[in-house]
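Here's the structure, in structure tokens; my notes come after.
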Amino acid sequence: MPIDPHYETVIGLEVHSQLRTKSKIFCGCPNIFGAEANTQICPVCAGFPGVLPVMNREMVNMAIKTGLAINGTINNFSVFSRKNYFYPDSPTGYQISQYDLPIVEHGELFINPEGQSKKRVGVTRIHMEVDAGKSLHEGIVGASWVDLNRVGTPLLEIVSEPDMRSSEEAGAYLKKLRAILRFLEVCDGNMEEGSFRCDANVSVRHYGAEEFGTRTELKNLNSIRNVMRAIDYEVERQIDIIENGDTVVQETRLWDANNNSSRSMRSKEDAHDYRYFPEPDLPPLTIEQSHIDDIRARLPELPDDMAKRFQDEMGLSEYDAGVLTASKEMASYFEIANQVVTVAGKKNAKATANWVTVELLGRLNKNGLEIEESPVSATNMGKLVALIQSGDISGKIAKQVFGFMFDDGGDPEQIVKEKGLKQVTDSSAINSEVDQVLAAHPEQVEQYRGGKTQILGFLVGKVMQATRGKANPAMVNSLLKDKLG
Amino acid sequence: MFSDPTVLSISQLAESLKKRQISSEDLVNSFLERIERINPEVNAYITIDRAGAIKAAQDADNRLDAKQGGPLTGVPIGVKDLFCTKEVRTTCGSRMLHNFIPPYESTVTSRLKAAGAVMLGKTNMDEFAMGSSNETSFFGVVKNPWDLTRIPGGSSGGSAAAVSAGLGVAAIGTDTGGSIRQPAALTGITGIKPTYGRVSRFGMVAFASSLDQAGPMTKTAEDAALLLQAMAGHDPKDATSIDSPVPDYMASLNDGLKGRKIGVPEEYFATGLSTDVASVIEEAKKQFQDLGAELVPVSLPTTKQAIPTYYVLAPAEASSNLARYDGIRFGYRCENPQDIKDLFTRSRAEGFGSEVKRRIMLGTYVLSSGYYDAYYLKAQKVRRMIADDFKAAFTKVDLLLTPTTPDTAFKLGAKTDDPVQMYLSDIFTINVNLAGLPAISIPCGFSRDNLPIGLQLIGRPLDESGILSAAHAYQQATEWHTRKPVL
């Protein structure tokens, strides 16, 4: 959206991602979502007297993986700290987190905002911490209930540098970060369920100014779209304040998606004093370099590497490669489809990419579906492209077949066979159709022979019409030319 | 066979139990009878688990009959009321937990029970282990069996009084700044605080997590070795427990003192030491020399930093550890809370006693932004210097010998209005916790008014064997530990 051109927006994002470990961060309870309230808890989760936290190694490994995936420094020595505050859904009265010595620092992420070139965003740090429970208020009168199931869910807090300059860049950052976490299989990235949460720090300043403006922190952003809308709203709000000669107040603001606005939650003065200090129940975490190297060696291919491979080895454009690696599901769909085409001996990654990004994504978007919900399976998509490549059907017929596949599912080879859509490549069959068309259109034949060669297209069309599109257009072309010769 | 089995040590009883000269059930009944008679005066126990103790004794007898018992099988002990015991109320000496029944068992008590020990009940203590006199308990003061007008020391005052008064063969205590050794000294018993991490803290209600350590309180060093053997060892449920094998403490118990170098830190004999304690310790030093030890003067210059350092760090951790007592999931909850803030503040205001509140406020203050560097961070640095002081001393000597306390047990109520004077009674024990070292207090004489005096032996990290064998050698040559109060 258009923003006052005299101002520059500065955005930094804090993302909390829940890790998909088998058990919780400090106890053996299962780490699952959606169970009946207070059924997935033990004395450790409930903060009972005398119980102690024990660190989940799987979480540490996931944190290292994530750090490596964003080119971060993995600290061989990191420390857990307690962040103290009273809240009904925080059973111990403190959150175990990392403060001055986090596990990862100095990372970076490359984003591809639409219509812009690639841009680097710094990742200040990633630290490990524990999620809190949930207070339930809805439908309860005169009380609040507390569900502690979520207590102990491992979280990575990923803090960016204030490197983003528009809501589009913020959106692109979140999409890229989410893709990386999904490629790593450490987080499912579901913002609605809260497994991938984002707070945005936003400020504005006059272009050319060196100092940052006063920032506000935006919370309650439960989708990437809401993050972007909330940022745009906040930027306008701050510019209005400055234009009116007032000053922006440092505060935390809560986004209200229903009213498309935000309201102040607490000011800087009301901010908690968290009284951080090193967690005495957990020794500092030391990580051997060899362990880090081991994890590095087993890292899966990441979106940027994959996009580069698609360009280098398959000759795809940077844009197509970017689209096809936007999510793990997208990439795997394309790779399966492309594999089917290749196995059929008709290797053509560009054509496959084109079909996936244009036809399939177009239809999916129109129907509000995600790639993993596609009615056309990756295998069938590959078969369809292979049919085109082998000349069994024309591109035009393929679109018809794709339509059937999208609406009713099914194998394109079978659809082509059942509906008799196979391209006619038998020259004698085409020959007779050509003869009939020439006989029925003597006027046009005269015109062609008189030098008006562009009339050929009309005649080709007539033959194609007569064969209901199944004739091989190249053969029709050459036969006509021969006979008119 | 015995006119009064309650005066015997574990090692004496174990033999009779093994030979079936006495049954564990009879033994337990003797103790329960004695507790019934004497506890109302001393107030050493908060909860007596009569049914549980008899059931456990019967199980122990079955094992002993089948010749499957170990040295602790059938031995009745008291357990400080901050070890969580499954289905047995665990109060921590506080109104806050007056109704708390844990659904789990601490590692220490489960190991002791697995070794056959029988828990008679839960012993009294300063509220949340905060105190040096056992006067802060919600369940009333504990009295010193040697003089019922005096304090038994704290915070493990109930455990100390129970052993001293024969209300248990032994007891388990915890020590954050001296809470095993100081009451052991003031009641004339033996008490060892192991190296930090030697004994699991799982299921021990936390006071100051980086300092808390459990240990046995017994009649003799030999008994302490037997109990520690069962308690010590790595626990996957406590990330701070040390993963190193536990040596056989009995095997080295008779190693003797010959050729051992024992350091005597001059700072512990400077001002503040009572003349009775000074002269008794002087005698004990001679005894150690007579037994073949070489006494070496050493210096621990950071000794006087102990109290201020401890009273920054321990309350800081406590202020956070005690945040979980909010009236929501367990423990005391105020009546008719108006809202969540009222529920929090009133439950805590009514549930905690004044010493606990004092330390929560102190701890909150030193961690607050703007004060953290000046207090908490500085105290952490001093803590490192204190540890370095000990490390340097241990390059020259094998053990350190000091008085456990500057004076004998004081009168009930004498220091309740003066917290600083109260805190100073732990001046010789606190640095050992800050450095994470093992130390034992053993009886070494009496004052002119017949109050017990304790001597402290401090060892290198994980050298429990060394201090136990030194204490044992001393006890083989003296009889201070065999004296009992008349009740």
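Every chain in the structure tokens takes a letter, A first, then B, and so on in the order presented; its residues are numbered from 1, and the ligands are numbered from 1 following the presented order.
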- Message: Would you mind listing, as an MDAnalysis selection string, all residues of chain B that have at least one atom within 8 Å of chain A, where only C-alpha atoms are what counts?
- Response: chainID B and resid 83:84 106 201:206 209:210 236:240 317 320:321 323:324 328:330 340 364 367:369
- Message: Which of stretch 274-409 of chain A end up as helix (DSSP H, G or I) when DSSP is run on this backbone - answer as a PyMOL selection string?
- Response: chain A and resi 289-297+303-314+318-324+328-343+349-366+371-373+378-389+395-408
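For B:Leu273, the non-local neighbours within 7 Å, defined as residues at least 3 positions apart in the same chain or in other chains and counting only C-alpha atoms, are B:Phe269, B:Ala270, B:Val277, B:Ala278, B:Pro406, B:Asp407.
One distance worth recording is that between atom CA of B:Pro103 and atom CA of B:Thr85, which is 7.8 Å.
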- Please, which residues of stretch 191-275 of chain B, numbered as in this document, come out strand (DSSP E or B) from DSSP, as a PyMOL selection string? chain B and resi 191-193+199+204+213-218+232+261-265
Prev. selection, all heavy atoms, output as a short mmCIF file (atom, residue, chain, number, x, y, z; two decimals), in the first residue's frame:
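Full text of selection_35.cif as output:
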data_model
loop_
_atom_site.label_atom_id
_atom_site.label_comp_id
_atom_site.auth_asym_id
_atom_site.auth_seq_id
_atom_site.Cartn_x
_atom_site.Cartn_y
_atom_site.Cartn_z
N GLY B 191 26.66 -34.66 61.48
CA GLY B 191 25.88 -34.30 60.29
C GLY B 191 26.80 -33.97 59.14
O GLY B 191 27.74 -33.21 59.30
N ILE B 192 26.53 -34.55 57.99
CA ILE B 192 27.40 -34.28 56.83
C ILE B 192 26.62 -33.63 55.71
O ILE B 192 25.50 -34.05 55.37
CB ILE B 192 28.10 -35.58 56.34
CG1 ILE B 192 29.03 -35.29 55.16
CG2 ILE B 192 27.10 -36.66 55.96
CD1 ILE B 192 29.95 -36.45 54.79
N LYS B 193 27.22 -32.58 55.16
CA LYS B 193 26.71 -31.98 53.93
C LYS B 193 27.63 -32.44 52.81
O LYS B 193 28.80 -32.08 52.78
CB LYS B 193 26.75 -30.45 53.98
CG LYS B 193 26.21 -29.84 52.67
CD LYS B 193 26.72 -28.44 52.38
CE LYS B 193 27.96 -28.42 51.55
NZ LYS B 193 27.75 -28.66 50.11
N VAL B 199 24.29 -35.71 45.93
CA VAL B 199 22.99 -36.29 46.25
C VAL B 199 21.93 -35.56 45.42
O VAL B 199 21.96 -34.33 45.31
CB VAL B 199 22.68 -36.16 47.76
CG1 VAL B 199 21.27 -36.65 48.07
CG2 VAL B 199 23.71 -36.92 48.59
N MET B 204 13.15 -32.55 46.50
CA MET B 204 13.48 -31.73 47.67
C MET B 204 12.91 -30.35 47.39
O MET B 204 13.28 -29.74 46.39
CB MET B 204 15.00 -31.59 47.73
CG MET B 204 15.68 -32.23 48.90
SD MET B 204 17.47 -32.13 48.64
CE MET B 204 17.80 -30.40 48.96
N GLN B 213 21.66 -29.01 49.49
CA GLN B 213 22.19 -30.36 49.38
C GLN B 213 21.69 -31.18 50.57
O GLN B 213 21.68 -30.70 51.71
CB GLN B 213 23.72 -30.33 49.31
CG GLN B 213 24.39 -31.65 49.05
CD GLN B 213 24.08 -32.29 47.69
OE1 GLN B 213 24.33 -33.44 47.49
NE2 GLN B 213 23.52 -31.54 46.76
N ALA B 214 21.28 -32.42 50.30
CA ALA B 214 20.76 -33.29 51.36
C ALA B 214 21.89 -34.09 51.98
O ALA B 214 22.88 -34.38 51.33
CB ALA B 214 19.72 -34.24 50.77
N GLY B 215 21.70 -34.46 53.25
CA GLY B 215 22.70 -35.29 53.89
C GLY B 215 22.15 -35.95 55.15
O GLY B 215 21.10 -35.56 55.66
N PRO B 216 22.87 -36.97 55.65
CA PRO B 216 22.42 -37.67 56.84
C PRO B 216 22.80 -36.96 58.13
O PRO B 216 23.84 -36.29 58.20
CB PRO B 216 23.14 -39.03 56.75
CG PRO B 216 24.23 -38.87 55.77
CD PRO B 216 24.05 -37.57 55.03
N MET B 217 21.98 -37.12 59.15
CA MET B 217 22.25 -36.62 60.49
C MET B 217 22.16 -37.82 61.41
O MET B 217 21.11 -38.47 61.49
CB MET B 217 21.24 -35.53 60.85
CG MET B 217 21.31 -34.38 59.82
SD MET B 217 20.08 -33.09 60.06
CE MET B 217 20.81 -32.20 61.42
N THR B 218 23.26 -38.13 62.09
CA THR B 218 23.39 -39.43 62.72
C THR B 218 24.09 -39.34 64.08
O THR B 218 24.54 -38.28 64.49
CB THR B 218 24.25 -40.34 61.82
OG1 THR B 218 25.49 -39.67 61.56
CG2 THR B 218 23.56 -40.63 60.50
N ALA B 232 23.62 -41.25 47.88
CA ALA B 232 24.44 -40.56 46.88
C ALA B 232 24.32 -41.21 45.50
O ALA B 232 23.91 -42.36 45.37
CB ALA B 232 25.89 -40.56 47.33
N LYS B 261 47.26 -34.17 56.23
CA LYS B 261 47.51 -32.75 56.51
C LYS B 261 46.18 -32.04 56.69
O LYS B 261 45.33 -32.04 55.79
CB LYS B 261 48.27 -32.12 55.34
CG LYS B 261 49.76 -32.44 55.35
CD LYS B 261 50.48 -31.60 54.31
CE LYS B 261 51.94 -31.97 54.29
NZ LYS B 261 52.61 -31.45 53.10
N ILE B 262 46.01 -31.46 57.86
CA ILE B 262 44.76 -30.77 58.16
C ILE B 262 45.03 -29.28 58.33
O ILE B 262 45.80 -28.86 59.19
CB ILE B 262 44.10 -31.35 59.42
CG1 ILE B 262 43.79 -32.84 59.19
CG2 ILE B 262 42.83 -30.57 59.76
CD1 ILE B 262 43.05 -33.51 60.33
N GLY B 263 44.39 -28.49 57.49
CA GLY B 263 44.57 -27.05 57.54
C GLY B 263 43.68 -26.43 58.61
O GLY B 263 42.52 -26.83 58.79
N VAL B 264 44.23 -25.45 59.30
CA VAL B 264 43.43 -24.71 60.30
C VAL B 264 43.38 -23.26 59.84
O VAL B 264 44.36 -22.53 59.95
CB VAL B 264 44.06 -24.82 61.69
CG1 VAL B 264 43.20 -24.10 62.72
CG2 VAL B 264 44.26 -26.28 62.09
N PRO B 265 42.25 -22.84 59.26
CA PRO B 265 42.17 -21.48 58.71
C PRO B 265 42.08 -20.44 59.84
O PRO B 265 41.17 -20.48 60.66
CB PRO B 265 40.90 -21.49 57.86
CG PRO B 265 40.13 -22.69 58.27
CD PRO B 265 41.03 -23.62 59.00
#
- Pick from A:Gln250, A:Gln95, A:Ser195, A:Ser135: nearest to A:His16, with only C-alpha atoms counted?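 Of all the options, A:Ser195 lies closest to A:His16.
Shell of B:Ala284 at 10 Å, with only C-alpha atoms counted and residues fewer than 5 places along the chain excluded, is Ala278, Ser279, Gln289, Asp290, Leu401, Pro403, Pro443, Cys444, Gly445, Leu455, Tyr474 and Thr478 of chain B.
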- Message: I'd like the contact shell of B:Gly154 - 12 Å cut-off, only C-alpha atoms, skipping same-chain residues fewer than 5 positions apart - returned as number ranges by chain.
- Response: B: 44, 80, 93, 123-137, 141-144, 159-161, 173-187, 405, 409-410, 422-423, 425-426
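Contact shell of A:Glu157 at 7 Å (only C-alpha atoms; same-chain neighbours under 5 positions omitted): Glu14, Val15, His16, Ser17, Ile126, His127 and Met128 of chain A.
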- With a distance cut-off of 12 Å and only C-alpha atoms, select the neighbouring residues of A:Met306, excluding the residue or stretch itself and same-chain residues fewer than 6 positions from it, and output the selection as number ranges by chain. A: 179-180, 183, 300, 312-314, 316, 318, 320-328, 330-332, 334-335
- Separation of atom CA of A:Val341 from atom CA of A:Leu384 in Å: 8.4 Å
